[in-house]
$ cat start28.cif   # mmCIF, C-alpha atoms
data_input
loop_
_atom_site.label_atom_id
_atom_site.label_comp_id
_atom_site.auth_asym_id
_atom_site.auth_seq_id
_atom_site.Cartn_x
_atom_site.Cartn_y
_atom_site.Cartn_z
CA MET W 254 -16.01 -15.81 5.01
CA ALA W 255 -15.38 -12.36 3.52
CA ASP W 256 -13.98 -12.25 0.00
CA PRO W 257 -10.45 -10.89 0.55
CA SER W 258 -10.47 -9.07 -2.77
CA SER W 259 -13.86 -7.37 -2.41
CA LEU W 260 -12.51 -3.82 -2.39
CA SER W 261 -15.23 -3.03 -4.93
CA ASP W 262 -17.83 -3.57 -2.20
CA LEU W 263 -16.41 -0.75 -0.07
CA PRO W 264 -17.15 2.98 -0.39
CA ASP W 265 -14.65 5.56 -1.62
CA ASP W 266 -14.24 6.96 1.90
CA ALA W 267 -13.09 3.59 3.28
CA ARG W 268 -9.82 3.89 5.21
CA LEU W 269 -6.78 2.50 3.44
CA TRP W 270 -3.47 0.99 4.49
CA ILE W 271 -0.79 -0.01 2.00
CA HIS W 272 2.26 -2.13 2.85
CA ALA W 273 5.04 -2.64 0.32
CA ALA W 274 6.92 -5.93 0.39
CA ASP W 275 10.68 -5.72 -0.11
CA GLY W 276 10.40 -7.97 -3.15
CA PRO W 277 7.79 -9.60 -5.37
CA LEU W 278 5.52 -12.04 -3.56
CA SER W 279 4.98 -15.48 -5.07
CA ASP W 280 1.43 -16.57 -5.86
CA ALA W 281 1.55 -19.02 -2.94
CA THR W 282 2.71 -16.31 -0.52
CA GLN W 283 0.03 -13.91 -1.77
CA THR W 284 -2.66 -16.54 -1.25
CA ALA W 285 -1.40 -17.41 2.23
CA LEU W 286 -1.20 -13.73 3.22
CA LEU W 287 -4.70 -12.95 1.96
CA ASP W 288 -6.10 -16.08 3.63
CA ARG W 289 -4.64 -15.04 6.99
CA LEU W 290 -5.90 -11.49 6.64
CA SER W 291 -9.32 -12.67 5.50
CA ALA W 292 -9.63 -14.63 8.75
CA PHE W 293 -8.70 -11.47 10.69
CA ILE W 294 -11.07 -9.25 8.68
CA ASP W 295 -13.96 -11.66 9.31
CA GLU W 296 -13.57 -11.01 13.05
CA TRP W 297 -12.37 -7.38 12.95
CA THR W 298 -14.19 -5.00 15.25
CA SER W 299 -13.91 -1.40 16.35
CA HIS W 300 -15.80 -0.12 19.38
CA GLN W 301 -17.48 -3.55 19.49
CA HIS W 302 -18.92 -3.08 16.00
CA ALA W 303 -17.97 -5.17 12.98
CA VAL W 304 -15.62 -3.56 10.50
CA GLU W 305 -16.36 -4.24 6.84
CA GLY W 306 -12.97 -4.76 5.27
CA ALA W 307 -11.13 -6.28 2.37
CA ALA W 308 -7.55 -6.93 1.28
CA THR W 309 -5.78 -7.51 -1.99
CA ILE W 310 -2.28 -7.54 -3.46
CA LEU W 311 -1.31 -5.13 -6.24
CA HIS W 312 1.63 -5.58 -8.62
CA ASP W 313 2.77 -8.71 -6.69
CA ARG W 314 4.23 -6.31 -4.16
CA PHE W 315 1.68 -4.16 -2.33
CA LEU W 316 -0.70 -5.38 0.35
CA VAL W 317 -3.76 -3.13 0.30
CA VAL W 318 -6.25 -3.26 3.18
CA ALA W 319 -9.39 -1.14 3.17
CA ALA W 320 -12.01 -0.83 5.88
CA ALA W 321 -15.36 0.85 6.38
CA PRO W 322 -16.57 0.67 9.96
CA ARG W 323 -20.31 0.23 10.29
CA ASN W 324 -20.61 2.79 13.11
CA GLY W 325 -18.27 5.78 13.05
CA ASP W 326 -14.52 5.62 12.60
CA ILE W 327 -12.03 2.87 13.33
CA SER W 328 -10.61 3.12 16.83
CA GLY W 329 -6.92 3.23 17.58
CA CYS W 330 -7.25 -0.25 19.04
CA GLY W 331 -8.91 -1.47 15.85
CA ILE W 332 -6.05 -0.03 13.80
CA ASP W 333 -3.51 -1.59 16.17
CA ASP W 334 -5.28 -4.94 15.77
CA LEU W 335 -4.88 -4.67 11.99
CA ALA W 336 -1.20 -3.73 12.33
CA HIS W 337 -0.60 -6.77 14.54
CA ALA W 338 -2.45 -9.07 12.13
CA VAL W 339 -0.41 -7.78 9.18
CA ASP W 340 2.88 -8.02 11.09
CA ASP W 341 2.09 -11.51 12.41
CA ALA W 342 1.17 -12.79 8.95
CA ALA W 343 4.28 -11.21 7.44
CA SER W 344 6.49 -12.76 10.12
CA ASP W 345 4.95 -16.20 9.64
CA LEU W 346 5.41 -15.96 5.85
CA ASP W 347 8.91 -14.39 5.94
CA ILE W 348 7.71 -11.17 4.30
CA ALA W 349 9.74 -8.03 4.99
CA TRP W 350 8.11 -4.64 4.49
CA VAL W 351 9.86 -1.71 2.84
CA PRO W 352 10.68 1.04 5.38
CA SER W 353 8.12 3.85 5.28
CA LEU W 354 10.63 6.52 4.24
CA HIS W 355 11.73 4.65 1.11
CA VAL W 356 10.60 5.69 -2.35
CA LEU W 357 8.91 3.10 -4.55
CA TYR W 358 9.05 3.52 -8.31
CA ARG W 359 9.22 1.59 -11.57
CA ASP W 360 12.57 1.27 -13.31
CA ASP W 361 12.98 1.35 -17.10
CA ASP W 362 12.14 -2.37 -17.25
CA GLY W 363 8.89 -1.87 -15.32
CA ALA W 364 10.10 -3.55 -12.14
CA VAL W 365 9.13 -2.02 -8.79
CA VAL W 366 12.18 -0.61 -6.99
CA ALA W 367 12.38 0.49 -3.35
CA THR W 368 15.17 2.86 -2.38
CA PRO W 369 15.96 5.40 0.35
CA ARG W 370 14.89 8.95 -0.51
CA ARG W 371 18.49 10.15 -0.80
CA THR W 372 19.27 7.41 -3.33
CA PHE W 373 16.15 8.39 -5.31
CA GLN W 374 17.37 11.99 -5.30
CA GLN W 375 20.80 10.87 -6.53
CA ARG W 376 19.17 8.87 -9.31
CA ALA W 377 17.19 11.97 -10.26
CA GLU W 378 20.41 14.02 -10.35
CA ASP W 379 22.07 11.49 -12.66
CA GLY W 380 18.96 11.16 -14.85
CA THR W 381 18.14 7.56 -13.93
CA VAL W 382 14.75 8.72 -12.70
CA THR W 383 12.88 11.65 -14.23
CA ALA W 384 9.63 13.53 -13.85
CA ASP W 385 8.05 10.82 -16.02
CA THR W 386 9.18 7.93 -13.81
CA PRO W 387 6.13 6.12 -12.38
CA VAL W 388 6.15 6.35 -8.58
CA PHE W 389 3.94 4.76 -5.93
CA ASP W 390 2.33 6.57 -3.01
CA PRO W 391 1.62 4.09 -0.20
CA SER W 392 0.62 6.97 2.09
CA LEU W 393 -2.88 7.18 0.53
CA THR W 394 -5.56 7.07 3.22
CA THR W 395 -8.78 6.43 1.30
CA LEU W 396 -9.93 3.83 -1.15
CA GLY W 397 -11.26 6.62 -3.37
CA ALA W 398 -7.72 7.98 -3.82
CA LEU W 399 -6.58 4.53 -4.92
CA ARG W 400 -9.49 4.26 -7.35
CA ASP W 401 -8.71 7.74 -8.72
CA GLY W 402 -5.25 6.59 -9.83
CA GLN W 403 -3.28 8.42 -7.15
CA PHE W 404 -1.33 5.33 -6.14
CA GLU W 405 0.84 5.03 -9.26
CA ARG W 406 1.52 8.09 -11.37
CA PRO W 407 4.39 10.07 -12.89
CA ALA W 408 6.72 11.61 -10.32
CA ARG W 409 5.86 15.09 -11.62
CA ASN W 410 2.24 14.57 -10.50
CA SER W 411 3.08 13.34 -7.02
CA TRP W 412 4.77 14.57 -3.87
CA HIS W 413 7.87 12.84 -5.28
CA ALA W 414 8.39 15.86 -7.57
CA GLN W 415 10.07 17.64 -4.66
CA LEU W 416 12.80 14.97 -4.71
CA LEU W 417 13.67 15.57 -8.36
CA SER W 418 16.51 17.84 -9.38
CA THR W 419 14.23 19.63 -11.84
CA PRO W 420 11.17 21.72 -10.99
CA ALA W 421 7.85 19.86 -10.84
CA ASN W 422 6.57 21.70 -13.93
CA ALA W 423 9.61 20.90 -16.10
#

$ encode --input "start28.cif" --output "structure tokens"
Amino acid sequence: MADPSSLSDLPDDARLWIHAADGPLSDATQTALLDRLSAFIDEWTSHQHAVEGAATILHDRFLVVAAAPRNGDISGCGIDDLAHAVDDAASDLDIAWVPSLHVLYRDDDGAVVATPRRTFQQRAEDGTVTADTPVFDPSLTTLGALRDGQFERPARNSWHAQLLSTPANA
């Protein structure tokens, strides 16, 4: 069985998918989710070739799946298979995912917050969030970007800067 947390075994150019849960996941839920995905990853194929993959949970909130196909790229069907496996596991475990157009950031207490973009903009206007607020970018597409620290960084250093009421360089 593949080690579900073996992201370190994959190359920087491995494809990446990040799903944000709508709340913190308990240890038991994390284990169950990773066990289910490990079973899928063990059998995952693309164009009839095995896909080397791994999954982990970051910050008790983010499911991270990375994959490096052994021959070429991952087919649309292979990606769809992953999406179905993630959705099925989430449904079975009563996990809801944050909508893709929400902004994820850390509040002053360090908790991960998910909010619609407009609400994030309003919080920027009232000073609740600033250019220094740590934000998350679940749209990363490579494991190398995750390793390089592009997943969590100050809003000023991310695409989120465009949502702030102050210029990105302020």

$ closest_residue --input "start28.cif" --among "W:Ala349, W:Thr368, W:Cys330, W:Asp401" --to "His300 of chain W" --atoms "only C-alpha atoms"
W:Cys330

$ residues_around --input "start28.cif" --residues "Thr383 of chain W" --least-positions-apart "4" --cutoff "9 Å" --atoms "all atoms listed in the file" --output "ChimeraX atom specification"
/W:376-378,387,407-409,417-419

$ resolve_selection --input "start28.cif" --expression "the PyMOL selection byres ((chain W and resi 273-286) around 12)" --output "PyMOL selection string"
chain W and resi 257-258+270-272+287-293+308-318+338-358+364-368+389-392

$ resolve_selection --input "start28.cif" --expression "the PyMOL selection byres ((chain W and resi 323) around 9)" --output "PyMOL selection string"
chain W and resi 299+302-305+321-322+324-326

$ write_last_selection --input "start28.cif" --atoms "C-alpha atoms" --output "short mmCIF file (atom, residue, chain, number, x, y, z; two decimals), in the coordinates of the input"
data_model
loop_
_atom_site.label_atom_id
_atom_site.label_comp_id
_atom_site.auth_asym_id
_atom_site.auth_seq_id
_atom_site.Cartn_x
_atom_site.Cartn_y
_atom_site.Cartn_z
CA SER W 299 -13.91 -1.40 16.35
CA HIS W 302 -18.92 -3.08 16.00
CA ALA W 303 -17.97 -5.17 12.98
CA VAL W 304 -15.62 -3.56 10.50
CA GLU W 305 -16.36 -4.24 6.84
CA ALA W 321 -15.36 0.85 6.38
CA PRO W 322 -16.57 0.67 9.96
CA ASN W 324 -20.61 2.79 13.11
CA GLY W 325 -18.27 5.78 13.05
CA ASP W 326 -14.52 5.62 12.60
#

$ resolve_selection --input "start28.cif" --expression "the PyMOL selection byres ((chain W and resi 398-400) around 10)" --output "mmCIF file with C-alpha atoms, in the coordinates of the input"
data_model
loop_
_atom_site.group_PDB
_atom_site.id
_atom_site.type_symbol
_atom_site.label_atom_id
_atom_site.label_comp_id
_atom_site.auth_asym_id
_atom_site.auth_seq_id
_atom_site.Cartn_x
_atom_site.Cartn_y
_atom_site.Cartn_z
ATOM 1 C CA LEU W 260 -12.510 -3.820 -2.390
ATOM 2 C CA SER W 261 -15.230 -3.030 -4.930
ATOM 3 C CA ASP W 265 -14.650 5.560 -1.620
ATOM 4 C CA ASP W 266 -14.240 6.960 1.900
ATOM 5 C CA ALA W 267 -13.090 3.590 3.280
ATOM 6 C CA LEU W 269 -6.780 2.500 3.440
ATOM 7 C CA VAL W 317 -3.760 -3.130 0.300
ATOM 8 C CA ASP W 390 2.330 6.570 -3.010
ATOM 9 C CA PRO W 391 1.620 4.090 -0.200
ATOM 10 C CA LEU W 393 -2.880 7.180 0.530
ATOM 11 C CA THR W 394 -5.560 7.070 3.220
ATOM 12 C CA THR W 395 -8.780 6.430 1.300
ATOM 13 C CA LEU W 396 -9.930 3.830 -1.150
ATOM 14 C CA GLY W 397 -11.260 6.620 -3.370
ATOM 15 C CA ASP W 401 -8.710 7.740 -8.720
ATOM 16 C CA GLY W 402 -5.250 6.590 -9.830
ATOM 17 C CA GLN W 403 -3.280 8.420 -7.150
ATOM 18 C CA PHE W 404 -1.330 5.330 -6.140
ATOM 19 C CA GLU W 405 0.840 5.030 -9.260
#

$ atom_distance --input "start28.cif" --atom1 "atom CA of Ala336 of chain W" --atom2 "atom CA of Trp297 of chain W"
11.8 Å

$ atom_distance --input "start28.cif" --atom1 "atom CA of Gln375 of chain W" --atom2 "atom CA of Asp362 of chain W"
19.1 Å

$ atom_distance --input "start28.cif" --atom1 "atom CA of Gln301 of chain W" --atom2 "atom CA of Leu263 of chain W"
19.8 Å

$ closest_residue --input "start28.cif" --among "W:Ser259, W:Thr386, W:Thr298, W:Gln415" --to "Arg370 of chain W" --atoms "only C-alpha atoms"
W:Gln415

$ build_atoms --input "start28.cif" --residues "segment 378-405 of chain W" --atoms "N, CA and C atoms" --output "CSV table (one decimal), in the coordinates of the input"
chain,number,residue,atom,x,y,z
W,378,GLU,N,19.3,13.1,-9.9
W,378,GLU,CA,20.4,14.0,-10.4
W,378,GLU,C,21.2,13.4,-11.5
W,379,ASP,N,21.3,12.1,-11.5
W,379,ASP,CA,22.1,11.5,-12.7
W,379,ASP,C,21.2,11.1,-13.8
W,380,GLY,N,19.9,11.4,-13.7
W,380,GLY,CA,19.0,11.2,-14.8
W,380,GLY,C,18.4,9.8,-14.9
W,381,THR,N,18.7,8.9,-13.9
W,381,THR,CA,18.1,7.6,-13.9
W,381,THR,C,16.6,7.6,-13.7
W,382,VAL,N,16.2,8.5,-12.9
W,382,VAL,CA,14.8,8.7,-12.7
W,382,VAL,C,14.5,10.2,-13.1
W,383,THR,N,13.3,10.3,-13.7
W,383,THR,CA,12.9,11.6,-14.2
W,383,THR,C,11.5,12.0,-13.7
W,384,ALA,N,11.0,13.1,-14.2
W,384,ALA,CA,9.6,13.5,-13.8
W,384,ALA,C,8.6,12.6,-14.4
W,385,ASP,N,9.0,11.8,-15.4
W,385,ASP,CA,8.0,10.8,-16.0
W,385,ASP,C,8.1,9.4,-15.4
W,386,THR,N,9.0,9.2,-14.5
W,386,THR,CA,9.2,7.9,-13.8
W,386,THR,C,7.9,7.6,-13.0
W,387,PRO,N,7.3,6.5,-13.2
W,387,PRO,CA,6.1,6.1,-12.4
W,387,PRO,C,6.6,5.9,-10.9
W,388,VAL,N,5.9,6.5,-10.0
W,388,VAL,CA,6.2,6.4,-8.6
W,388,VAL,C,4.9,5.9,-7.9
W,389,PHE,N,5.1,5.3,-6.7
W,389,PHE,CA,3.9,4.8,-5.9
W,389,PHE,C,3.8,5.6,-4.7
W,390,ASP,N,2.6,5.8,-4.2
W,390,ASP,CA,2.3,6.6,-3.0
W,390,ASP,C,1.6,5.7,-2.0
W,391,PRO,N,2.3,4.9,-1.2
W,391,PRO,CA,1.6,4.1,-0.2
W,391,PRO,C,1.1,4.9,1.0
W,392,SER,N,1.2,6.2,1.0
W,392,SER,CA,0.6,7.0,2.1
W,392,SER,C,-0.9,7.4,1.9
W,393,LEU,N,-1.5,6.9,0.8
W,393,LEU,CA,-2.9,7.2,0.5
W,393,LEU,C,-3.7,6.7,1.7
W,394,THR,N,-4.8,7.4,2.0
W,394,THR,CA,-5.6,7.1,3.2
W,394,THR,C,-7.0,6.7,2.9
W,395,THR,N,-7.4,6.8,1.6
W,395,THR,CA,-8.8,6.4,1.3
W,395,THR,C,-8.8,5.6,0.1
W,396,LEU,N,-9.8,4.7,0.0
W,396,LEU,CA,-9.9,3.8,-1.2
W,396,LEU,C,-10.2,4.7,-2.4
W,397,GLY,N,-11.0,5.8,-2.2
W,397,GLY,CA,-11.3,6.6,-3.4
W,397,GLY,C,-10.0,7.1,-4.0
W,398,ALA,N,-9.0,7.5,-3.3
W,398,ALA,CA,-7.7,8.0,-3.8
W,398,ALA,C,-7.1,6.9,-4.6
W,399,LEU,N,-7.1,5.6,-4.2
W,399,LEU,CA,-6.6,4.5,-4.9
W,399,LEU,C,-7.3,4.4,-6.2
W,400,ARG,N,-8.7,4.4,-6.2
W,400,ARG,CA,-9.5,4.3,-7.4
W,400,ARG,C,-9.3,5.4,-8.3
W,401,ASP,N,-8.9,6.6,-7.9
W,401,ASP,CA,-8.7,7.7,-8.7
W,401,ASP,C,-7.3,7.7,-9.4
W,402,GLY,N,-6.5,6.7,-9.2
W,402,GLY,CA,-5.2,6.6,-9.8
W,402,GLY,C,-4.1,7.3,-9.1
W,403,GLN,N,-4.3,7.7,-7.9
W,403,GLN,CA,-3.3,8.4,-7.2
W,403,GLN,C,-2.2,7.5,-6.6
W,404,PHE,N,-2.3,6.2,-6.7
W,404,PHE,CA,-1.3,5.3,-6.1
W,404,PHE,C,-0.1,5.3,-7.0
W,405,GLU,N,-0.3,5.1,-8.3
W,405,GLU,CA,0.8,5.0,-9.3
W,405,GLU,C,0.6,6.1,-10.3
